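Chemist: Provided herewith: coords_12.cif, mmCIF, C-alpha atoms and all ligand atoms.
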data_target
loop_
_atom_site.label_atom_id
_atom_site.label_comp_id
_atom_site.auth_asym_id
_atom_site.auth_seq_id
_atom_site.Cartn_x
_atom_site.Cartn_y
_atom_site.Cartn_z
CA MET A 1 55.34 -31.51 -75.15
CA ASN A 2 56.89 -30.89 -78.57
CA ALA A 3 59.51 -28.66 -80.10
CA SER A 4 57.04 -26.35 -81.84
CA ALA A 5 56.55 -22.73 -80.88
CA ARG A 6 53.39 -23.56 -78.88
CA PRO A 7 53.67 -22.06 -75.38
CA LEU A 8 54.05 -24.83 -72.80
CA ARG A 9 52.77 -24.99 -69.24
CA ILE A 10 56.06 -25.18 -67.38
CA GLY A 11 56.51 -25.53 -63.63
CA PHE A 12 59.61 -24.27 -61.83
CA ILE A 13 60.39 -25.10 -58.18
CA GLY A 14 63.31 -23.43 -56.35
CA LEU A 15 63.89 -19.76 -57.11
CA GLY A 16 67.29 -19.08 -55.56
CA ILE A 17 70.45 -17.66 -57.10
CA MET A 18 70.25 -20.02 -60.08
CA GLY A 19 66.56 -20.86 -60.37
CA ARG A 20 65.31 -17.29 -60.50
CA SER A 21 67.42 -16.45 -63.56
CA MET A 22 66.67 -19.77 -65.26
CA ALA A 23 62.92 -19.46 -64.72
CA GLY A 24 63.11 -15.88 -66.00
CA HIS A 25 64.42 -17.08 -69.37
CA ILE A 26 61.52 -19.53 -69.67
CA LEU A 27 59.04 -16.77 -68.93
CA ALA A 28 60.74 -14.40 -71.37
CA ALA A 29 60.35 -17.03 -74.11
CA GLY A 30 56.57 -16.78 -73.74
CA HIS A 31 55.78 -19.98 -71.83
CA ASP A 32 53.10 -20.20 -69.17
CA LEU A 33 55.17 -20.41 -65.96
CA HIS A 34 53.92 -21.86 -62.64
CA VAL A 35 56.28 -21.41 -59.70
CA TYR A 36 56.81 -22.47 -56.10
CA SER A 37 59.72 -21.84 -53.75
CA ARG A 38 60.15 -22.15 -49.98
CA THR A 39 60.38 -18.39 -49.55
CA ARG A 40 57.65 -16.71 -51.58
CA ALA A 41 59.44 -13.34 -51.64
CA LYS A 42 61.98 -14.83 -54.04
CA ALA A 43 59.21 -15.29 -56.62
CA GLU A 44 57.95 -11.67 -56.52
CA ASP A 45 59.89 -10.47 -59.52
CA LEU A 46 58.69 -13.40 -61.66
CA LEU A 47 55.09 -12.99 -60.45
CA GLN A 48 55.16 -9.34 -61.47
CA ARG A 49 56.32 -10.44 -64.91
CA GLY A 50 53.34 -12.81 -65.30
CA ALA A 51 54.32 -16.10 -63.61
CA HIS A 52 51.63 -17.86 -61.52
CA TRP A 53 52.22 -18.74 -57.84
CA CYS A 54 51.40 -22.26 -56.55
CA GLU A 55 51.07 -23.26 -52.91
CA SER A 56 53.00 -26.56 -53.12
CA PRO A 57 55.24 -28.62 -55.43
CA GLY A 58 52.17 -30.79 -56.07
CA GLU A 59 50.15 -27.83 -57.33
CA VAL A 60 52.98 -26.94 -59.71
CA ALA A 61 53.05 -30.51 -61.01
CA ALA A 62 49.27 -30.71 -61.44
CA ARG A 63 49.31 -27.59 -63.63
CA SER A 64 52.40 -28.34 -65.75
CA GLU A 65 53.49 -30.39 -68.76
CA VAL A 66 57.14 -29.98 -67.79
CA VAL A 67 58.31 -29.60 -64.17
CA ILE A 68 61.79 -28.23 -63.47
CA THR A 69 63.34 -28.33 -60.01
CA MET A 70 66.36 -26.30 -58.84
CA VAL A 71 66.42 -26.63 -55.06
CA GLY A 72 69.43 -26.86 -52.75
CA LEU A 73 70.28 -30.26 -51.25
CA PRO A 74 69.34 -33.88 -52.01
CA SER A 75 67.04 -33.73 -48.95
CA ASP A 76 65.21 -30.81 -50.61
CA VAL A 77 64.89 -32.82 -53.84
CA GLU A 78 63.55 -35.75 -51.86
CA GLN A 79 60.99 -33.46 -50.22
CA VAL A 80 59.64 -31.79 -53.36
CA TYR A 81 59.33 -35.08 -55.27
CA PHE A 82 58.31 -37.66 -52.68
CA GLU A 83 56.40 -35.90 -49.89
CA VAL A 84 52.65 -35.61 -49.59
CA ARG A 85 51.56 -32.78 -51.95
CA GLY A 86 54.81 -33.43 -53.77
CA ILE A 87 55.44 -33.69 -57.50
CA LEU A 88 55.13 -37.46 -57.90
CA GLN A 89 51.80 -37.59 -56.09
CA SER A 90 50.15 -34.84 -58.13
CA MET A 91 51.55 -35.01 -61.66
CA ARG A 92 49.51 -36.34 -64.57
CA ALA A 93 50.68 -39.16 -66.88
CA GLY A 94 52.87 -37.78 -69.66
CA THR A 95 54.47 -35.05 -67.52
CA LEU A 96 58.21 -34.58 -68.01
CA LEU A 97 60.28 -34.04 -64.84
CA VAL A 98 63.68 -32.33 -64.99
CA ASP A 99 65.76 -32.06 -61.81
CA MET A 100 68.53 -29.49 -62.34
CA THR A 101 69.66 -29.47 -58.68
CA THR A 102 73.12 -30.92 -58.03
CA SER A 103 72.06 -34.08 -56.22
CA SER A 104 72.94 -37.73 -55.85
CA PRO A 105 72.94 -40.17 -58.80
CA ALA A 106 71.04 -42.74 -56.71
CA LEU A 107 68.25 -40.26 -55.96
CA ALA A 108 68.03 -39.40 -59.68
CA ALA A 109 67.57 -43.10 -60.44
CA ARG A 110 64.83 -43.38 -57.77
CA ILE A 111 62.95 -40.42 -59.24
CA ALA A 112 63.24 -41.87 -62.76
CA GLU A 113 61.88 -45.20 -61.55
CA ALA A 114 58.95 -43.60 -59.71
CA ALA A 115 58.17 -41.41 -62.72
CA ARG A 116 58.24 -44.35 -65.11
CA ALA A 117 55.80 -46.24 -62.87
CA LYS A 118 53.35 -43.36 -63.31
CA GLY A 119 53.77 -43.01 -67.07
CA CYS A 120 56.07 -39.98 -66.88
CA GLY A 121 59.60 -39.23 -68.03
CA ALA A 122 62.38 -37.92 -65.79
CA LEU A 123 65.79 -36.40 -66.46
CA ASP A 124 68.60 -35.41 -64.11
CA ALA A 125 70.09 -32.26 -65.61
CA PRO A 126 72.52 -30.48 -63.27
CA VAL A 127 74.35 -27.45 -64.56
CA SER A 128 77.68 -25.67 -64.52
CA GLY A 129 78.46 -22.05 -65.31
CA GLY A 130 77.64 -20.34 -62.04
CA ASP A 131 75.41 -17.38 -61.32
CA ILE A 132 76.74 -15.67 -64.46
CA GLY A 133 75.97 -18.67 -66.68
CA ALA A 134 72.42 -18.79 -65.29
CA ARG A 135 71.92 -15.05 -65.84
CA ASP A 136 73.26 -15.16 -69.39
CA ALA A 137 71.51 -18.47 -70.31
CA LYS A 138 74.92 -19.99 -71.08
CA LEU A 139 74.89 -22.94 -68.71
CA SER A 140 76.49 -26.26 -69.48
CA ILE A 141 73.72 -28.81 -68.83
CA MET A 142 74.68 -32.45 -68.25
CA VAL A 143 71.77 -34.80 -68.67
CA GLY A 144 70.90 -38.33 -67.61
CA GLY A 145 67.83 -40.17 -68.85
CA ALA A 146 66.16 -41.58 -71.94
CA GLN A 147 66.92 -40.17 -75.40
CA ARG A 148 63.19 -39.57 -76.04
CA ASP A 149 62.83 -37.47 -72.88
CA PHE A 150 66.05 -35.62 -73.67
CA ASP A 151 64.75 -34.75 -77.16
CA ALA A 152 61.48 -33.55 -75.67
CA ALA A 153 63.21 -31.37 -73.07
CA LEU A 154 65.81 -29.88 -75.40
CA PRO A 155 63.81 -26.82 -76.58
CA VAL A 156 63.27 -25.83 -72.93
CA LEU A 157 66.85 -26.60 -71.84
CA ARG A 158 68.10 -24.43 -74.72
CA LEU A 159 66.44 -21.44 -73.07
CA MET A 160 68.86 -21.83 -70.14
CA GLY A 161 72.03 -23.33 -71.55
CA SER A 162 74.34 -23.34 -74.53
CA ASN A 163 76.11 -26.68 -74.04
CA ILE A 164 73.63 -29.50 -73.49
CA VAL A 165 74.79 -33.12 -73.63
CA LEU A 166 73.02 -36.41 -72.87
CA GLN A 167 75.54 -38.44 -70.84
CA GLY A 168 73.66 -41.73 -70.42
CA GLY A 169 70.76 -43.16 -68.41
CA ALA A 170 69.26 -41.91 -65.15
CA GLY A 171 71.98 -40.60 -62.81
CA ALA A 172 74.57 -40.03 -65.58
CA GLY A 173 73.98 -36.27 -65.47
CA GLN A 174 74.69 -36.21 -61.72
CA HIS A 175 77.81 -38.36 -62.15
CA THR A 176 79.05 -35.95 -64.83
CA LYS A 177 78.42 -33.01 -62.51
CA MET A 178 80.55 -34.78 -59.87
CA CYS A 179 83.41 -34.90 -62.43
CA ASN A 180 82.94 -31.14 -62.82
CA GLN A 181 83.04 -30.54 -59.05
CA ILE A 182 86.15 -32.73 -58.65
CA VAL A 183 87.97 -30.59 -61.24
CA ILE A 184 86.76 -27.35 -59.65
CA ALA A 185 87.75 -28.43 -56.11
CA SER A 186 91.47 -28.72 -56.75
CA THR A 187 91.40 -25.76 -59.16
CA ILE A 188 89.99 -23.28 -56.66
CA VAL A 189 92.52 -24.35 -54.03
CA GLY A 190 95.21 -23.51 -56.60
CA VAL A 191 93.61 -20.13 -57.35
CA ALA A 192 93.52 -19.15 -53.65
CA GLU A 193 97.12 -20.29 -53.16
CA GLY A 194 98.32 -18.43 -56.26
CA ILE A 195 96.77 -15.20 -55.00
CA ALA A 196 98.09 -15.71 -51.46
CA TYR A 197 101.56 -16.27 -52.92
CA ALA A 198 101.34 -13.17 -55.15
CA ARG A 199 100.53 -11.00 -52.15
CA ARG A 200 103.26 -12.50 -49.93
CA ALA A 201 105.77 -11.92 -52.76
CA GLY A 202 104.80 -8.23 -52.82
CA LEU A 203 103.14 -8.37 -56.25
CA ASP A 204 99.94 -6.59 -57.26
CA ALA A 205 97.44 -9.45 -57.45
CA ARG A 206 95.32 -7.59 -60.05
CA THR A 207 98.32 -7.27 -62.35
CA VAL A 208 99.25 -10.90 -61.75
CA LEU A 209 95.72 -11.87 -62.81
CA GLN A 210 96.17 -9.89 -66.04
CA SER A 211 99.10 -12.18 -66.88
CA ILE A 212 98.06 -15.57 -65.59
CA GLY A 213 94.38 -15.10 -66.43
CA GLY A 214 95.35 -14.98 -70.10
CA GLY A 215 97.60 -18.04 -70.04
CA ALA A 216 97.25 -21.75 -69.53
CA ALA A 217 95.73 -21.30 -66.05
CA SER A 218 92.75 -19.28 -67.34
CA GLY A 219 89.19 -20.33 -66.61
CA PHE A 220 86.09 -19.43 -64.58
CA GLN A 221 87.67 -20.29 -61.22
CA LEU A 222 90.68 -18.03 -61.81
CA ASN A 223 89.24 -15.27 -63.98
CA VAL A 224 85.88 -14.81 -62.25
CA LEU A 225 86.30 -16.18 -58.72
CA GLY A 226 89.98 -15.21 -58.47
CA ALA A 227 88.99 -11.64 -59.39
CA ARG A 228 86.31 -11.67 -56.65
CA MET A 229 88.95 -12.96 -54.16
CA ILE A 230 91.28 -10.09 -55.03
CA GLU A 231 88.49 -7.52 -54.59
CA GLY A 232 87.51 -9.07 -51.23
CA ASP A 233 84.03 -9.84 -52.65
CA PHE A 234 82.95 -12.98 -50.84
CA ALA A 235 79.20 -12.72 -51.59
CA PRO A 236 77.74 -16.03 -52.74
CA GLY A 237 77.53 -16.88 -56.41
CA PHE A 238 77.84 -20.48 -55.21
CA PHE A 239 77.42 -21.22 -51.49
CA VAL A 240 80.25 -22.96 -49.59
CA GLU A 241 77.61 -25.20 -47.97
CA HIS A 242 76.41 -26.36 -51.41
CA PHE A 243 80.00 -27.03 -52.51
CA LEU A 244 80.53 -29.12 -49.37
CA LYS A 245 77.34 -31.02 -50.22
CA ASP A 246 78.77 -31.76 -53.70
CA LEU A 247 82.18 -32.80 -52.37
CA GLY A 248 80.43 -35.18 -49.95
CA ILE A 249 78.41 -36.77 -52.78
CA ALA A 250 81.52 -37.12 -54.98
CA LEU A 251 83.64 -38.62 -52.18
CA GLY A 252 80.81 -41.00 -51.27
CA GLU A 253 80.46 -42.18 -54.86
CA ALA A 254 84.27 -42.50 -55.27
CA SER A 255 84.51 -44.55 -52.08
CA ARG A 256 81.68 -46.80 -53.27
CA MET A 257 83.65 -47.38 -56.49
CA GLY A 258 86.92 -48.01 -54.59
CA LEU A 259 88.55 -44.85 -55.99
CA GLN A 260 90.89 -42.66 -53.90
CA LEU A 261 90.77 -38.91 -54.62
CA PRO A 262 93.33 -37.24 -52.31
CA GLY A 263 93.03 -33.82 -54.02
CA LEU A 264 89.29 -33.83 -53.43
CA GLU A 265 89.74 -34.91 -49.80
CA LEU A 266 92.16 -32.03 -49.22
CA ALA A 267 89.75 -29.53 -50.77
CA ARG A 268 86.93 -30.81 -48.58
CA SER A 269 89.00 -30.49 -45.41
CA LEU A 270 89.84 -26.87 -46.32
CA TYR A 271 86.19 -26.03 -47.02
CA GLU A 272 85.14 -27.71 -43.77
CA ARG A 273 87.58 -25.39 -41.95
CA LEU A 274 86.09 -22.39 -43.75
CA ALA A 275 82.52 -23.45 -42.86
CA ALA A 276 83.52 -24.08 -39.22
CA ARG A 277 84.65 -20.48 -38.91
CA GLY A 278 81.31 -19.14 -40.16
CA GLY A 279 81.78 -19.22 -43.92
CA ALA A 280 79.06 -21.72 -44.91
CA ARG A 281 76.93 -19.05 -46.59
CA ASP A 282 79.89 -17.28 -48.25
CA GLY A 283 80.70 -17.84 -51.90
CA THR A 284 83.31 -20.52 -52.66
CA GLN A 285 85.91 -17.80 -53.43
CA ALA A 286 85.99 -17.09 -49.66
CA LEU A 287 88.55 -19.92 -49.47
CA LEU A 288 91.13 -17.14 -49.70
CA LYS A 289 90.24 -16.17 -46.11
CA LEU A 290 92.08 -19.28 -44.86
CA TYR A 291 95.34 -17.88 -46.26
CA ALA A 292 95.07 -14.52 -44.49
CA ASP A 293 95.99 -16.15 -41.13
P1 LIG B 301 69.84 -21.31 -53.53
O1 LIG B 301 70.05 -19.85 -53.81
O2 LIG B 301 69.86 -21.77 -52.12
O3 LIG B 301 68.49 -21.77 -54.25
C1 LIG B 301 67.75 -22.90 -53.91
C2 LIG B 301 66.29 -22.46 -53.81
O4 LIG B 301 65.47 -23.59 -53.60
C3 LIG B 301 66.08 -21.51 -52.61
O5 LIG B 301 65.29 -20.43 -53.04
C4 LIG B 301 65.36 -22.38 -51.61
O6 LIG B 301 64.46 -21.71 -50.77
C5 LIG B 301 64.59 -23.31 -52.53
N1 LIG B 301 64.25 -24.56 -51.85
C6 LIG B 301 65.08 -25.37 -51.14
N2 LIG B 301 64.39 -26.41 -50.66
C7 LIG B 301 63.14 -26.25 -51.06
C8 LIG B 301 61.96 -27.00 -50.85
N3 LIG B 301 61.97 -28.13 -50.14
N4 LIG B 301 60.81 -26.54 -51.40
C9 LIG B 301 60.79 -25.40 -52.12
N5 LIG B 301 61.88 -24.64 -52.35
C10 LIG B 301 63.03 -25.07 -51.81
O7 LIG B 301 70.95 -22.15 -54.32
P2 LIG B 301 71.49 -21.97 -55.82
O8 LIG B 301 72.83 -21.34 -55.77
O9 LIG B 301 70.44 -21.40 -56.69
O10 LIG B 301 71.76 -23.51 -56.19
C11 LIG B 301 70.69 -24.40 -56.50
C12 LIG B 301 71.29 -25.77 -56.86
O11 LIG B 301 72.14 -25.64 -58.01
C13 LIG B 301 72.17 -26.38 -55.76
O12 LIG B 301 72.03 -27.77 -55.77
C14 LIG B 301 73.58 -25.98 -56.19
O13 LIG B 301 74.54 -26.90 -55.69
C15 LIG B 301 73.45 -26.05 -57.69
N6 LIG B 301 74.35 -25.17 -58.45
C16 LIG B 301 74.61 -23.90 -58.04
C17 LIG B 301 75.47 -23.09 -58.80
C18 LIG B 301 75.81 -21.68 -58.39
O14 LIG B 301 76.80 -21.14 -58.92
N7 LIG B 301 75.05 -21.03 -57.51
C19 LIG B 301 76.02 -23.59 -59.98
C20 LIG B 301 75.70 -24.87 -60.40
C21 LIG B 301 74.86 -25.66 -59.62
P3 LIG B 301 64.95 -20.57 -49.72
O15 LIG B 301 65.05 -19.33 -50.56
O16 LIG B 301 63.88 -20.52 -48.69
O17 LIG B 301 66.29 -21.02 -49.17
#
In structure tokens, how does this file's structure come out?
Modeler:
Amino acid sequence: MNASARPLRIGFIGLGIMGRSMAGHILAAGHDLHVYSRTRAKAEDLLQRGAHWCESPGEVAARSEVVITMVGLPSDVEQVYFEVRGILQSMRAGTLLVDMTTSSPALAARIAEAARAKGCGALDAPVSGGDIGARDAKLSIMVGGAQRDFDAALPVLRLMGSNIVLQGGAGAGQHTKMCNQIVIASTIVGVAEGIAYARRAGLDARTVLQSIGGGAASGFQLNVLGARMIEGDFAPGFFVEHFLKDLGIALGEASRMGLQLPGLELARSLYERLAARGGARDGTQALLKLYAD
């Protein structure tokens, strides 16, 4: 792969809320796109626009110079890379693997090691920016891996993101994403509590947002997710169950490093309560529901 305008054969696995938009940008840039996802219906739009369907992650890998994955959980990542008819079994030497799923740093290191043993490069490249960032190709992409692989991937990553930084070796992208999730966790609790307080004080939450959304508290969690809370729009941009997965990874890593994160623990306990009452497939802004009791 090189940075020239030559169309590349690019594979994309995992066409959910994020992956579908991201793969769409790659297709729109004129690359030859080969896709697979657990539920084929989610690929229909891309197939109509000229993408090619594959029957397994392995088939995607066999056809592609660059393979991008954007599945849900670390167990899904494990499956698409390591299982029979998976990526690692079927790829050719020289293929570049880019896992953009939010997953564990240790799994990223395992993939990089397995890829290296087969003459391939691997990057962990999780993202931030939400469903809107994916749709607008404005994601922040945090990358772990070798400089040479990062340089090779950059032209493709630029089709999906606007802030792309190499953070260190394999796993460093996932560690950086955990920093992001730790910041978000306490922030969104604050957003829900601010809105609950506004309502209890008899204020108009929309008007409150006009003021505080333009001050020092502004940001995606308040301005985008806070607005969805106020409108009662709890549809998923980012699933509660995926956030819980991230909080579990971050708390596990922190514990391994001997670091206490009480704010993060509190956020996890609140999200566990939300999931226990049926909110696992809501968007993370549904946290506000806990304050309606
Ligand atoms: P999603 O809508 O659930 O998308 C994941 C897609 O991967 C689904 O289409 C799923 O298939 C597919 N998939 C899962 N396991 C698979 C497997 N073994 N083989 C093939 N396909 C498989 O989730 P998302 O919101 O796009 O998030 C994707 C990842 O990005 C997650 O790790 C999430 O934490 C992270 N992330 C999300 C956001 C956000 O705002 N949404 C932001 C940053 C990062 P099905 O359709 O059958 O379920």
Chemist: Adding 5 Å on each side of the box along x, y and z that holds all listed atoms of ligand LIG 301 (chain B), could you give its centre and edge lengths in Å to one decimal, as lines of an AutoDock Vina configuration file?
Modeler:
center_x = 68.8
center_y = -23.7
center_z = -54.5
size_x = 26.0
size_y = 18.8
size_z = 21.7
Chemist: Taking 2 positions as the minimum chain separation for residues in the same chain, which residues sit within 12 Å of Gly248 (chain A) when counting all atoms listed in the file? Answer as number ranges by chain.
Modeler: A: 73-74, 102-104, 178, 181-182, 185, 241-246, 250-255, 261, 264-265, 267-269, 271-272
Chemist: Name all residues at most 12 Å from Pro57 (chain A) (count only C-alpha atoms; drop same-chain ones fewer than 6 positions away) and give them as an MDAnalysis selection string.
Modeler: chainID A and resid 11:14 34:38 63:64 67:71 76:91 97
Chemist: Would you work out the distance separating atom O2 of ligand LIG 301 (chain B) from CA of Leu247 (chain A), expressed in Å to one decimal?
Modeler: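 Rounded to one decimal, the two atoms are 16.5 Å apart.
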Chemist: Determine, counting all atoms listed in the file, every residue of protein, DNA or RNA that lies within 12 Å of (74.7, -20.4, -78.9) in the file coordinates, then give the result as a JSON list (two decimals) with C-alpha atoms, in the coordinates of the input.
Modeler:
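The resulting file, result-v3.json, is reproduced below:
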[["chain", "number", "residue", "atom", "x", "y", "z"],
["A", 136, "ASP", "CA", 73.26, -15.16, -69.39],
["A", 137, "ALA", "CA", 71.51, -18.47, -70.31],
["A", 138, "LYS", "CA", 74.92, -19.99, -71.08],
["A", 139, "LEU", "CA", 74.89, -22.94, -68.71],
["A", 140, "SER", "CA", 76.49, -26.26, -69.48],
["A", 158, "ARG", "CA", 68.10, -24.43, -74.72],
["A", 159, "LEU", "CA", 66.44, -21.44, -73.07],
["A", 160, "MET", "CA", 68.86, -21.83, -70.14],
["A", 161, "GLY", "CA", 72.03, -23.33, -71.55],
["A", 162, "SER", "CA", 74.34, -23.34, -74.53],
["A", 163, "ASN", "CA", 76.11, -26.68, -74.04],
["A", 164, "ILE", "CA", 73.63, -29.50, -73.49]]
Chemist: Have a look at A:Arg135, A:Arg110, A:Arg92, A:Arg228 and name the one nearest to ligand LIG 301 (chain B); count all atoms listed in the file.
Modeler: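 Result for the nearest residue to ligand LIG 301 (chain B): A:Arg135.
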Chemist: Restricting the calculation to all atoms listed in the file: of A:Leu287, A:Ala134, A:Ala117, A:Leu107, which residue gets closest to ligand LIG 301 (chain B)?
Modeler: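 Under the stated criterion, the closest residue is A:Ala134.
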Chemist: Do you have the CA of Met18 (chain A)-CA of Gly94 (chain A) distance handy?
Modeler: 26.6 Å
Chemist: Using only C-alpha atoms and all ligand atoms, which of the listed residues (A:Thr95, A:Thr284, A:Ser218, A:Thr187) sits closest to ligand LIG 301 (chain B)?
Modeler: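 Of A:Thr95, A:Thr284, A:Ser218, A:Thr187, the one nearest ligand LIG 301 (chain B) is A:Thr284, counting only C-alpha atoms and all ligand atoms.
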Chemist: Taking into account only C-alpha atoms and all ligand atoms, which residue in the set A:Val191, A:Ile26, A:Leu290, A:Val127 is nearest to ligand LIG 301 (chain B)?
Modeler: A:Val127
Chemist: For CA of Ala112 (chain A) and CA of Gly58 (chain A), quote the distance in Å rounded to one decimal.
Modeler: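 A separation of 17.0 Å between them.
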Chemist: When you count all atoms listed in the file, which of these residues is closest to Ala152 (chain A): A:Ile249, A:Ala41, A:Val98, A:Ile111?
Modeler: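 Going through A:Ile249, A:Ala41, A:Val98, A:Ile111 one by one, the smallest distance to Ala152 (chain A) is for A:Val98.
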Chemist: Which one of A:Leu96, A:Leu46, A:Ile132, A:Ile184 sits closest to Arg116 (chain A) if you count only C-alpha atoms?
Modeler: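 Looking only at the distances to Arg116 (chain A), the closest residue turns out to be A:Leu96.
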Chemist: Tell me, as a count of residues only, which residues lie within 12 Å of Leu288 (chain A), counting all atoms listed in the file; anything in the same chain fewer than 5 positions away does not count.
Modeler: 29
Chemist: If we count only C-alpha atoms and set the cut-off at 9 Å, which residues sit around Gly213 (chain A), ignoring sequence neighbours fewer than 6 positions away in its own chain? Please answer as a ChimeraX atom specification.
Modeler: /A:219,222-223
